[in-house]
$ cat structure.txt   # compact mmCIF, N, CA and C atoms
# COMPACT_ATOMS: atom_id res chain seq x y z
N MET A 1 -37.59 -14.94 14.44
CA MET A 1 -37.18 -13.54 14.40
C MET A 1 -35.65 -13.43 14.48
N LYS A 2 -35.05 -14.24 15.34
CA LYS A 2 -33.60 -14.23 15.47
C LYS A 2 -32.93 -14.57 14.15
N ASN A 3 -33.50 -15.53 13.42
CA ASN A 3 -32.92 -15.95 12.15
C ASN A 3 -32.97 -14.82 11.12
N ILE A 4 -34.06 -14.06 11.12
CA ILE A 4 -34.20 -12.95 10.18
C ILE A 4 -33.17 -11.87 10.50
N ILE A 5 -33.02 -11.54 11.76
CA ILE A 5 -32.05 -10.53 12.16
C ILE A 5 -30.64 -10.98 11.79
N LEU A 6 -30.32 -12.23 12.05
CA LEU A 6 -29.00 -12.77 11.72
C LEU A 6 -28.78 -12.72 10.21
N PHE A 7 -29.79 -13.10 9.44
CA PHE A 7 -29.69 -13.07 7.98
C PHE A 7 -29.45 -11.64 7.48
N LEU A 8 -30.22 -10.67 8.00
CA LEU A 8 -30.06 -9.28 7.59
C LEU A 8 -28.67 -8.76 7.96
N TYR A 9 -28.19 -9.16 9.10
CA TYR A 9 -26.84 -8.75 9.51
C TYR A 9 -25.80 -9.32 8.56
N LEU A 10 -25.91 -10.60 8.22
CA LEU A 10 -24.96 -11.25 7.32
C LEU A 10 -25.00 -10.62 5.94
N VAL A 11 -26.19 -10.32 5.43
CA VAL A 11 -26.32 -9.68 4.12
C VAL A 11 -25.71 -8.29 4.14
N SER A 12 -26.01 -7.50 5.17
CA SER A 12 -25.47 -6.14 5.22
C SER A 12 -23.95 -6.17 5.37
N THR A 13 -23.42 -7.13 6.11
CA THR A 13 -21.97 -7.26 6.26
C THR A 13 -21.33 -7.63 4.93
N ALA A 14 -21.97 -8.51 4.17
CA ALA A 14 -21.44 -8.91 2.87
C ALA A 14 -21.43 -7.74 1.90
N VAL A 15 -22.48 -6.94 1.92
CA VAL A 15 -22.56 -5.78 1.04
C VAL A 15 -21.48 -4.78 1.41
N LEU A 16 -21.29 -4.52 2.70
CA LEU A 16 -20.25 -3.59 3.13
C LEU A 16 -18.86 -4.08 2.77
N ALA A 17 -18.68 -5.39 2.70
CA ALA A 17 -17.37 -5.94 2.39
C ALA A 17 -16.94 -5.64 0.96
N ILE A 18 -17.91 -5.43 0.06
CA ILE A 18 -17.51 -5.15 -1.33
C ILE A 18 -17.45 -3.65 -1.63
N GLU A 19 -18.02 -2.82 -0.76
CA GLU A 19 -17.95 -1.38 -0.99
C GLU A 19 -16.53 -0.89 -0.75
N PRO A 20 -16.02 -0.06 -1.64
CA PRO A 20 -14.66 0.44 -1.42
C PRO A 20 -14.61 1.44 -0.27
N SER A 21 -13.54 1.40 0.48
CA SER A 21 -13.37 2.38 1.55
C SER A 21 -12.59 3.59 1.04
N GLN A 22 -12.02 3.45 -0.18
CA GLN A 22 -11.19 4.52 -0.71
C GLN A 22 -11.20 4.50 -2.24
N MET A 23 -11.26 5.69 -2.81
CA MET A 23 -11.14 5.85 -4.27
C MET A 23 -10.25 7.06 -4.52
N ILE A 24 -9.16 6.83 -5.24
CA ILE A 24 -8.23 7.89 -5.57
C ILE A 24 -8.15 7.98 -7.09
N VAL A 25 -8.34 9.18 -7.61
CA VAL A 25 -8.30 9.40 -9.06
C VAL A 25 -7.04 10.22 -9.37
N VAL A 26 -6.23 9.71 -10.30
CA VAL A 26 -5.03 10.41 -10.73
C VAL A 26 -5.20 10.75 -12.22
N VAL A 27 -5.17 12.05 -12.52
CA VAL A 27 -5.38 12.55 -13.88
C VAL A 27 -4.48 13.75 -14.12
N ASN A 28 -4.48 14.22 -15.37
CA ASN A 28 -3.88 15.54 -15.60
C ASN A 28 -5.03 16.55 -15.65
N ASP A 29 -4.72 17.82 -15.73
CA ASP A 29 -5.77 18.84 -15.68
C ASP A 29 -6.78 18.70 -16.82
N GLU A 30 -6.31 18.37 -18.02
CA GLU A 30 -7.21 18.20 -19.16
C GLU A 30 -8.18 17.05 -18.92
N GLN A 31 -7.67 15.94 -18.43
CA GLN A 31 -8.52 14.77 -18.16
C GLN A 31 -9.52 15.05 -17.05
N ALA A 32 -9.12 15.84 -16.07
CA ALA A 32 -10.02 16.16 -14.96
C ALA A 32 -11.30 16.81 -15.47
N GLY A 33 -11.16 17.65 -16.50
CA GLY A 33 -12.33 18.31 -17.09
C GLY A 33 -13.21 17.37 -17.90
N GLN A 34 -12.70 16.19 -18.23
CA GLN A 34 -13.46 15.23 -19.03
C GLN A 34 -14.12 14.13 -18.20
N LEU A 35 -13.84 14.12 -16.89
CA LEU A 35 -14.41 13.07 -16.04
C LEU A 35 -15.93 13.21 -15.94
N LEU A 36 -16.60 12.09 -15.96
CA LEU A 36 -18.06 12.05 -15.81
C LEU A 36 -18.40 11.42 -14.47
N GLY A 37 -19.51 11.86 -13.89
CA GLY A 37 -20.00 11.25 -12.66
C GLY A 37 -19.30 11.69 -11.40
N LEU A 38 -18.55 12.77 -11.48
CA LEU A 38 -17.77 13.23 -10.33
C LEU A 38 -18.66 13.55 -9.12
N LYS A 39 -19.73 14.30 -9.35
CA LYS A 39 -20.63 14.67 -8.25
C LYS A 39 -21.27 13.44 -7.61
N ALA A 40 -21.75 12.53 -8.44
CA ALA A 40 -22.42 11.34 -7.93
C ALA A 40 -21.46 10.46 -7.13
N VAL A 41 -20.26 10.30 -7.61
CA VAL A 41 -19.29 9.46 -6.91
C VAL A 41 -18.86 10.11 -5.60
N LYS A 42 -18.63 11.42 -5.62
CA LYS A 42 -18.29 12.12 -4.38
C LYS A 42 -19.41 11.95 -3.35
N SER A 43 -20.63 12.10 -3.81
CA SER A 43 -21.79 11.94 -2.93
C SER A 43 -21.86 10.53 -2.37
N TYR A 44 -21.62 9.54 -3.21
CA TYR A 44 -21.62 8.13 -2.79
C TYR A 44 -20.59 7.91 -1.68
N PHE A 45 -19.39 8.43 -1.88
CA PHE A 45 -18.34 8.22 -0.88
C PHE A 45 -18.62 8.99 0.40
N ASN A 46 -19.25 10.13 0.30
CA ASN A 46 -19.65 10.87 1.51
C ASN A 46 -20.70 10.09 2.30
N ARG A 47 -21.66 9.49 1.58
CA ARG A 47 -22.73 8.72 2.25
C ARG A 47 -22.18 7.48 2.95
N THR A 48 -21.17 6.86 2.38
CA THR A 48 -20.64 5.63 2.96
C THR A 48 -19.46 5.89 3.90
N ASN A 49 -19.22 7.16 4.21
CA ASN A 49 -18.10 7.54 5.08
C ASN A 49 -16.78 6.95 4.60
N SER A 50 -16.60 6.97 3.30
CA SER A 50 -15.38 6.49 2.68
C SER A 50 -14.59 7.68 2.14
N THR A 51 -13.40 7.43 1.66
CA THR A 51 -12.52 8.50 1.21
C THR A 51 -12.50 8.59 -0.31
N PHE A 52 -12.69 9.81 -0.82
CA PHE A 52 -12.56 10.08 -2.24
C PHE A 52 -11.55 11.23 -2.39
N ALA A 53 -10.60 11.05 -3.30
CA ALA A 53 -9.63 12.11 -3.55
C ALA A 53 -9.24 12.10 -5.03
N MET A 54 -8.92 13.29 -5.53
CA MET A 54 -8.48 13.41 -6.92
C MET A 54 -7.21 14.26 -6.93
N TYR A 55 -6.22 13.80 -7.69
CA TYR A 55 -4.94 14.49 -7.77
C TYR A 55 -4.56 14.67 -9.24
N SER A 56 -3.97 15.83 -9.53
CA SER A 56 -3.57 16.13 -10.90
C SER A 56 -2.07 15.99 -11.08
N LEU A 57 -1.69 15.37 -12.17
CA LEU A 57 -0.28 15.25 -12.53
C LEU A 57 0.32 16.61 -12.86
N ASP A 58 -0.53 17.58 -13.16
CA ASP A 58 -0.08 18.93 -13.47
C ASP A 58 0.10 19.78 -12.22
N GLY A 59 -0.12 19.19 -11.07
CA GLY A 59 -0.03 19.92 -9.80
C GLY A 59 1.31 20.58 -9.56
N VAL A 60 2.38 19.88 -9.92
CA VAL A 60 3.73 20.43 -9.71
C VAL A 60 3.93 21.68 -10.57
N ASN A 61 3.59 21.58 -11.84
CA ASN A 61 3.75 22.74 -12.73
C ASN A 61 2.86 23.90 -12.29
N ASN A 62 1.64 23.59 -11.87
CA ASN A 62 0.73 24.64 -11.40
C ASN A 62 1.28 25.33 -10.16
N PHE A 63 1.79 24.53 -9.23
CA PHE A 63 2.35 25.07 -7.98
C PHE A 63 3.56 25.95 -8.27
N GLU A 64 4.47 25.43 -9.09
CA GLU A 64 5.67 26.20 -9.42
C GLU A 64 5.32 27.48 -10.18
N GLY A 65 4.31 27.40 -11.05
CA GLY A 65 3.88 28.58 -11.79
C GLY A 65 3.34 29.66 -10.86
N LYS A 66 2.51 29.24 -9.89
CA LYS A 66 1.95 30.21 -8.94
C LYS A 66 3.04 30.79 -8.04
N LEU A 67 3.97 29.94 -7.64
CA LEU A 67 5.04 30.39 -6.76
C LEU A 67 5.96 31.39 -7.46
N SER A 68 6.22 31.18 -8.74
CA SER A 68 7.13 32.07 -9.46
C SER A 68 6.43 33.27 -10.09
N GLU A 69 5.11 33.30 -9.99
CA GLU A 69 4.33 34.41 -10.56
C GLU A 69 4.73 35.74 -9.92
N GLY A 70 5.06 36.70 -10.76
CA GLY A 70 5.37 38.04 -10.28
C GLY A 70 6.79 38.22 -9.76
N LEU A 71 7.63 37.21 -9.89
CA LEU A 71 9.01 37.35 -9.43
C LEU A 71 9.82 38.19 -10.42
N SER A 72 10.77 38.89 -9.89
CA SER A 72 11.64 39.75 -10.69
C SER A 72 12.51 38.92 -11.62
N SER A 73 12.96 39.53 -12.69
CA SER A 73 13.89 38.86 -13.59
C SER A 73 15.32 38.89 -13.03
N ASP A 74 15.56 39.75 -12.07
CA ASP A 74 16.85 39.80 -11.39
C ASP A 74 16.91 38.64 -10.38
N MET A 75 17.94 37.80 -10.51
CA MET A 75 18.04 36.57 -9.72
C MET A 75 18.03 36.83 -8.21
N GLU A 76 18.82 37.78 -7.74
CA GLU A 76 18.90 38.06 -6.30
C GLU A 76 17.58 38.59 -5.76
N GLU A 77 16.98 39.49 -6.53
CA GLU A 77 15.69 40.06 -6.11
C GLU A 77 14.61 38.97 -6.12
N ALA A 78 14.64 38.09 -7.11
CA ALA A 78 13.66 36.99 -7.19
C ALA A 78 13.81 36.04 -6.01
N LYS A 79 15.04 35.75 -5.60
CA LYS A 79 15.28 34.88 -4.43
C LYS A 79 14.64 35.49 -3.18
N GLN A 80 14.85 36.79 -3.00
CA GLN A 80 14.29 37.45 -1.82
C GLN A 80 12.76 37.46 -1.89
N GLN A 81 12.21 37.71 -3.07
CA GLN A 81 10.75 37.70 -3.23
C GLN A 81 10.19 36.32 -2.92
N ALA A 82 10.88 35.27 -3.37
CA ALA A 82 10.44 33.90 -3.10
C ALA A 82 10.47 33.62 -1.59
N ARG A 83 11.54 34.06 -0.93
CA ARG A 83 11.63 33.90 0.54
C ARG A 83 10.48 34.63 1.23
N ASP A 84 10.19 35.84 0.76
CA ASP A 84 9.11 36.63 1.35
C ASP A 84 7.76 35.92 1.19
N LYS A 85 7.54 35.35 0.00
CA LYS A 85 6.29 34.60 -0.24
C LYS A 85 6.19 33.41 0.70
N TYR A 86 7.29 32.71 0.84
CA TYR A 86 7.34 31.53 1.71
C TYR A 86 7.03 31.92 3.16
N GLU A 87 7.67 32.97 3.64
CA GLU A 87 7.45 33.42 5.02
C GLU A 87 6.03 33.92 5.22
N ALA A 88 5.50 34.64 4.24
CA ALA A 88 4.13 35.17 4.35
C ALA A 88 3.12 34.02 4.39
N MET A 89 3.40 32.98 3.65
CA MET A 89 2.49 31.85 3.58
C MET A 89 2.57 30.99 4.84
N GLY A 90 3.74 30.89 5.39
CA GLY A 90 3.93 30.06 6.58
C GLY A 90 4.35 28.65 6.21
N LYS A 91 5.14 28.06 7.09
CA LYS A 91 5.71 26.74 6.83
C LYS A 91 4.64 25.65 6.68
N LYS A 92 3.63 25.68 7.55
CA LYS A 92 2.57 24.64 7.49
C LYS A 92 1.81 24.68 6.18
N LYS A 93 1.39 25.88 5.80
CA LYS A 93 0.62 26.01 4.56
C LYS A 93 1.47 25.64 3.35
N MET A 94 2.71 26.09 3.34
CA MET A 94 3.61 25.78 2.23
C MET A 94 3.85 24.27 2.13
N THR A 95 4.05 23.63 3.26
CA THR A 95 4.25 22.18 3.27
C THR A 95 3.03 21.46 2.72
N ARG A 96 1.84 21.90 3.13
CA ARG A 96 0.59 21.32 2.62
C ARG A 96 0.48 21.47 1.11
N LEU A 97 0.80 22.66 0.60
CA LEU A 97 0.72 22.92 -0.83
C LEU A 97 1.73 22.07 -1.61
N ILE A 98 2.93 21.93 -1.07
CA ILE A 98 3.96 21.12 -1.74
C ILE A 98 3.52 19.66 -1.78
N LEU A 99 3.04 19.15 -0.66
CA LEU A 99 2.59 17.75 -0.62
C LEU A 99 1.44 17.51 -1.59
N LYS A 100 0.50 18.44 -1.64
CA LYS A 100 -0.62 18.29 -2.57
C LYS A 100 -0.14 18.33 -4.02
N ALA A 101 0.79 19.24 -4.31
CA ALA A 101 1.30 19.38 -5.68
C ALA A 101 2.01 18.10 -6.14
N TYR A 102 2.73 17.47 -5.25
CA TYR A 102 3.53 16.29 -5.62
C TYR A 102 2.80 14.97 -5.38
N LYS A 103 1.60 15.00 -4.83
CA LYS A 103 0.88 13.77 -4.48
C LYS A 103 0.65 12.85 -5.68
N ALA A 104 0.24 13.39 -6.81
CA ALA A 104 0.00 12.56 -8.00
C ALA A 104 1.28 11.87 -8.44
N LYS A 105 2.39 12.58 -8.38
CA LYS A 105 3.68 11.98 -8.75
C LYS A 105 4.05 10.85 -7.78
N MET A 106 3.80 11.08 -6.49
CA MET A 106 4.09 10.05 -5.49
C MET A 106 3.21 8.82 -5.69
N LEU A 107 1.94 9.05 -6.01
CA LEU A 107 1.02 7.93 -6.27
C LEU A 107 1.45 7.15 -7.50
N THR A 108 1.92 7.85 -8.52
CA THR A 108 2.39 7.19 -9.73
C THR A 108 3.53 6.22 -9.41
N LEU A 109 4.44 6.66 -8.58
CA LEU A 109 5.55 5.79 -8.18
C LEU A 109 5.09 4.67 -7.25
N GLN A 110 4.27 5.02 -6.28
CA GLN A 110 3.80 4.04 -5.30
C GLN A 110 3.05 2.88 -5.95
N TYR A 111 2.15 3.19 -6.87
CA TYR A 111 1.31 2.16 -7.50
C TYR A 111 1.82 1.73 -8.87
N LYS A 112 2.93 2.30 -9.30
CA LYS A 112 3.51 1.99 -10.61
C LYS A 112 2.47 2.18 -11.71
N LEU A 113 1.81 3.32 -11.67
CA LEU A 113 0.74 3.61 -12.62
C LEU A 113 1.29 3.72 -14.02
N GLU A 114 0.53 3.17 -14.97
CA GLU A 114 0.98 3.07 -16.35
C GLU A 114 0.21 3.96 -17.32
N LYS A 115 -0.99 4.33 -16.96
CA LYS A 115 -1.88 5.05 -17.86
C LYS A 115 -2.81 5.92 -17.03
N TYR A 116 -3.32 6.98 -17.66
CA TYR A 116 -4.22 7.88 -16.94
C TYR A 116 -5.47 8.13 -17.75
N PRO A 117 -6.59 8.36 -17.15
CA PRO A 117 -6.79 8.38 -15.70
C PRO A 117 -6.54 7.01 -15.08
N ALA A 118 -6.08 7.05 -13.85
CA ALA A 118 -5.90 5.84 -13.05
C ALA A 118 -6.76 6.00 -11.81
N ILE A 119 -7.61 5.02 -11.58
CA ILE A 119 -8.54 5.09 -10.45
C ILE A 119 -8.20 3.94 -9.51
N ILE A 120 -7.77 4.29 -8.32
CA ILE A 120 -7.28 3.32 -7.34
C ILE A 120 -8.35 3.09 -6.28
N PHE A 121 -8.65 1.82 -6.05
CA PHE A 121 -9.62 1.44 -5.01
C PHE A 121 -8.91 0.67 -3.91
N ASP A 122 -9.11 1.11 -2.69
CA ASP A 122 -8.65 0.39 -1.50
C ASP A 122 -7.18 0.00 -1.54
N ASP A 123 -6.35 0.82 -2.15
CA ASP A 123 -4.90 0.58 -2.22
C ASP A 123 -4.52 -0.73 -2.90
N LYS A 124 -5.46 -1.37 -3.62
CA LYS A 124 -5.19 -2.68 -4.21
C LYS A 124 -5.54 -2.78 -5.69
N TYR A 125 -6.62 -2.14 -6.09
CA TYR A 125 -7.15 -2.32 -7.43
C TYR A 125 -7.07 -1.01 -8.21
N VAL A 126 -6.67 -1.12 -9.48
CA VAL A 126 -6.57 0.08 -10.32
C VAL A 126 -7.39 -0.13 -11.59
N VAL A 127 -8.21 0.86 -11.92
CA VAL A 127 -8.94 0.87 -13.19
C VAL A 127 -8.28 1.96 -14.03
N TYR A 128 -7.80 1.57 -15.20
CA TYR A 128 -7.07 2.49 -16.09
C TYR A 128 -7.96 2.99 -17.22
N GLY A 129 -7.75 4.26 -17.58
CA GLY A 129 -8.32 4.81 -18.80
C GLY A 129 -9.81 5.07 -18.80
N GLU A 130 -10.47 4.95 -17.67
CA GLU A 130 -11.93 5.14 -17.61
C GLU A 130 -12.24 6.57 -17.19
N PHE A 131 -12.98 7.30 -18.03
CA PHE A 131 -13.34 8.68 -17.72
C PHE A 131 -14.67 8.78 -16.97
N ASN A 132 -15.45 7.73 -16.97
CA ASN A 132 -16.72 7.73 -16.25
C ASN A 132 -16.48 7.06 -14.89
N LEU A 133 -16.52 7.88 -13.83
CA LEU A 133 -16.21 7.36 -12.49
C LEU A 133 -17.26 6.36 -12.01
N ASN A 134 -18.50 6.52 -12.45
CA ASN A 134 -19.54 5.54 -12.10
C ASN A 134 -19.22 4.18 -12.70
N THR A 135 -18.77 4.18 -13.94
CA THR A 135 -18.39 2.93 -14.61
C THR A 135 -17.22 2.27 -13.90
N ALA A 136 -16.22 3.06 -13.53
CA ALA A 136 -15.06 2.53 -12.81
C ALA A 136 -15.48 1.92 -11.48
N LEU A 137 -16.36 2.61 -10.77
CA LEU A 137 -16.86 2.09 -9.49
C LEU A 137 -17.62 0.79 -9.70
N ASN A 138 -18.46 0.74 -10.73
CA ASN A 138 -19.21 -0.49 -11.02
C ASN A 138 -18.29 -1.64 -11.42
N GLU A 139 -17.22 -1.34 -12.16
CA GLU A 139 -16.23 -2.37 -12.51
C GLU A 139 -15.58 -2.94 -11.25
N TYR A 140 -15.24 -2.05 -10.35
CA TYR A 140 -14.64 -2.49 -9.08
C TYR A 140 -15.61 -3.38 -8.30
N LEU A 141 -16.85 -2.92 -8.18
CA LEU A 141 -17.85 -3.69 -7.42
C LEU A 141 -18.11 -5.06 -8.06
N ALA A 142 -18.17 -5.10 -9.39
CA ALA A 142 -18.38 -6.37 -10.10
C ALA A 142 -17.20 -7.32 -9.84
N HIS A 143 -16.00 -6.77 -9.87
CA HIS A 143 -14.81 -7.58 -9.59
C HIS A 143 -14.86 -8.15 -8.17
N LYS A 144 -15.24 -7.31 -7.23
CA LYS A 144 -15.30 -7.77 -5.83
C LYS A 144 -16.40 -8.81 -5.63
N GLU A 145 -17.52 -8.65 -6.33
CA GLU A 145 -18.61 -9.64 -6.23
C GLU A 145 -18.19 -11.00 -6.76
N GLU A 146 -17.37 -11.00 -7.81
CA GLU A 146 -16.89 -12.25 -8.40
C GLU A 146 -16.03 -13.04 -7.42
N ARG A 147 -15.33 -12.34 -6.59
CA ARG A 147 -14.40 -12.99 -5.66
C ARG A 147 -15.15 -13.50 -4.51
$ encode --input "structure.txt" --output "structure tokens"
Amino acid sequence: MKNIILFLYLVSTAVLAIEPSQMIVVVNDEQAGQLLGLKAVKSYFNRTNSTFAMYSLDGVNNFEGKLSEGLSSDMEEAKQQARDKYEAMGKKKMTRLILKAYKAKMLTLQYKLEKYPAIIFDDKYVVYGEFNLNTALNEYLAHKEER
């Protein structure tokens, strides 16, 4: 009985060793709409208590567009309106929105990403150009099994 328990423990540990603890997807807004398997992959990462995140390269433009929406054409009046928006939103919320907007750009620099979509696993492995997230996950798992 002890041998069976030890074997099951070793097998479960080996399986957990190949499962990714993190998956980050970097795309633009158009590519985000073309991704396949998003629900299934999110569900998988929720079940394994791992991290899944998706960031858009268009985040900066979207953020700036929303921030400048409705501003006056008069420069001084627009500055005051922007200050008012900032104050109404609060420093914490604004900081969160700025970080989220620029996250894809930061990831591009951090990982030296060359092509999109870019799917990053465990801060080490990148799958480029794959629109099916299930396929990208399976490629990662196959790579880890080989090692």
$ atom_distance --input "structure.txt" --atom1 "atom N of Gly59 of chain A" --atom2 "atom N of Pro117 of chain A"
14.0 Å
$ select_by_dssp --input "structure.txt" --residues "chain A" --states "strand (DSSP E)" --output "list of chain:residue names"
A:Gln22, A:Met23, A:Ile24, A:Val25, A:Val26, A:Val27, A:Thr51, A:Phe52, A:Ala53, A:Met54, A:Tyr55, A:Ser56, A:Ala118, A:Ile119, A:Ile120, A:Phe121, A:Tyr125, A:Val126, A:Val127, A:Tyr128
$ atom_distance --input "structure.txt" --atom1 "atom C of Arg147 of chain A" --atom2 "atom CA of Ser43 of chain A"
26.3 Å
$ select_by_dssp --input "structure.txt" --residues "segment 38-126 of chain A" --states "alpha helix (DSSP H)" --output "MDAnalysis selection string"
chainID A and resid 38:47 59:68 75:89 91:111
$ residues_near_point --input "structure.txt" --point "(-5.1, 2.1, -1.8)" --cutoff "8 Å" --atoms "all atoms listed in the file" --output "ChimeraX atom specification"
/A:22-24,120-125
$ closest_residue --input "structure.txt" --among "A:Thr95, A:Val27, A:Glu139, A:Glu19" --to "Ala118 of chain A" --atoms "all atoms listed in the file"
A:Val27
$ closest_residue --input "structure.txt" --among "A:Met54, A:Leu67, A:Val126, A:Ala101" --to "Ala32 of chain A" --atoms "only C-alpha atoms"
A:Met54
$ atom_distance --input "structure.txt" --atom1 "atom N of Asn61 of chain A" --atom2 "atom N of Leu133 of chain A"
24.4 Å
$ axis_aligned_box --input "structure.txt" --around "segment 68-82 of chain A" --padding-each-side "4 Å" --output "lines of an AutoDock Vina configuration file"
center_x = 11.6
center_y = 35.6
center_z = -7.6
size_x = 22.6
size_y = 16.9
size_z = 20.0
$ closest_residue --input "structure.txt" --among "A:Pro20, A:Ile98, A:Lys93, A:Gln110" --to "Tyr44 of chain A" --atoms "only C-alpha atoms"
A:Pro20
$ closest_residue --input "structure.txt" --among "A:Leu97, A:Leu36, A:Leu107, A:Ala88" --to "Asn132 of chain A" --atoms "all atoms listed in the file"
A:Leu36
$ closest_residue --input "structure.txt" --among "A:Met89, A:Met94, A:Val127, A:Val26" --to "Thr108 of chain A" --atoms "only C-alpha atoms"
A:Val26
$ residues_around --input "structure.txt" --residues "Ser72 of chain A" --least-positions-apart "6" --cutoff "12 Å" --atoms "only C-alpha atoms" --output "PDB file with N, CA and C atoms, in the coordinates of the input"
ATOM      1  N   ALA A  78      14.640  38.090  -7.110  1.00  0.00           N
ATOM      2  CA  ALA A  78      13.660  36.990  -7.190  1.00  0.00           C
ATOM      3  C   ALA A  78      13.810  36.040  -6.010  1.00  0.00           C
ATOM      4  N   LYS A  79      15.040  35.750  -5.600  1.00  0.00           N
ATOM      5  CA  LYS A  79      15.280  34.880  -4.430  1.00  0.00           C
ATOM      6  C   LYS A  79      14.640  35.490  -3.180  1.00  0.00           C
ATOM      7  N   GLN A  80      14.850  36.790  -3.000  1.00  0.00           N
ATOM      8  CA  GLN A  80      14.290  37.450  -1.820  1.00  0.00           C
ATOM      9  C   GLN A  80      12.760  37.460  -1.890  1.00  0.00           C
ATOM     10  N   GLN A  81      12.210  37.710  -3.070  1.00  0.00           N
ATOM     11  CA  GLN A  81      10.750  37.700  -3.230  1.00  0.00           C
ATOM     12  C   GLN A  81      10.190  36.320  -2.920  1.00  0.00           C
ATOM     13  N   ALA A  82      10.880  35.270  -3.370  1.00  0.00           N
ATOM     14  CA  ALA A  82      10.440  33.900  -3.100  1.00  0.00           C
ATOM     15  C   ALA A  82      10.470  33.620  -1.590  1.00  0.00           C
TER      16      ALA A  82
END
$ decode --input "structure.txt" --residues "segment 94-115 of chain A" --atoms "C-alpha atoms" --output "PDB file, in the first residue's frame"
ATOM      1  CA  MET A  94      -5.905  56.269 -12.533  1.00  0.00           C
ATOM      2  CA  THR A  95      -2.628  54.520 -11.688  1.00  0.00           C
ATOM      3  CA  ARG A  96      -4.301  51.122 -12.179  1.00  0.00           C
ATOM      4  CA  LEU A  97      -5.701  52.181 -15.560  1.00  0.00           C
ATOM      5  CA  ILE A  98      -2.347  53.564 -16.719  1.00  0.00           C
ATOM      6  CA  LEU A  99      -0.500  50.394 -15.690  1.00  0.00           C
ATOM      7  CA  LYS A 100      -3.069  48.213 -17.437  1.00  0.00           C
ATOM      8  CA  ALA A 101      -2.926  50.348 -20.590  1.00  0.00           C
ATOM      9  CA  TYR A 102       0.868  50.149 -20.788  1.00  0.00           C
ATOM     10  CA  LYS A 103       1.258  46.517 -19.625  1.00  0.00           C
ATOM     11  CA  ALA A 104       1.394  45.025 -23.144  1.00  0.00           C
ATOM     12  CA  LYS A 105       4.102  47.517 -24.126  1.00  0.00           C
ATOM     13  CA  MET A 106       6.081  46.669 -20.977  1.00  0.00           C
ATOM     14  CA  LEU A 107       5.753  42.944 -21.690  1.00  0.00           C
ATOM     15  CA  THR A 108       6.945  43.500 -25.254  1.00  0.00           C
ATOM     16  CA  LEU A 109      10.118  45.102 -23.939  1.00  0.00           C
ATOM     17  CA  GLN A 110      10.590  42.675 -21.055  1.00  0.00           C
ATOM     18  CA  TYR A 111      10.334  39.531 -23.197  1.00  0.00           C
ATOM     19  CA  LYS A 112      11.624  41.089 -26.429  1.00  0.00           C
ATOM     20  CA  LEU A 113       8.489  39.926 -28.207  1.00  0.00           C
ATOM     21  CA  GLU A 114       8.800  39.726 -31.974  1.00  0.00           C
ATOM     22  CA  LYS A 115       5.369  38.720 -33.234  1.00  0.00           C
TER      23      LYS A 115
END
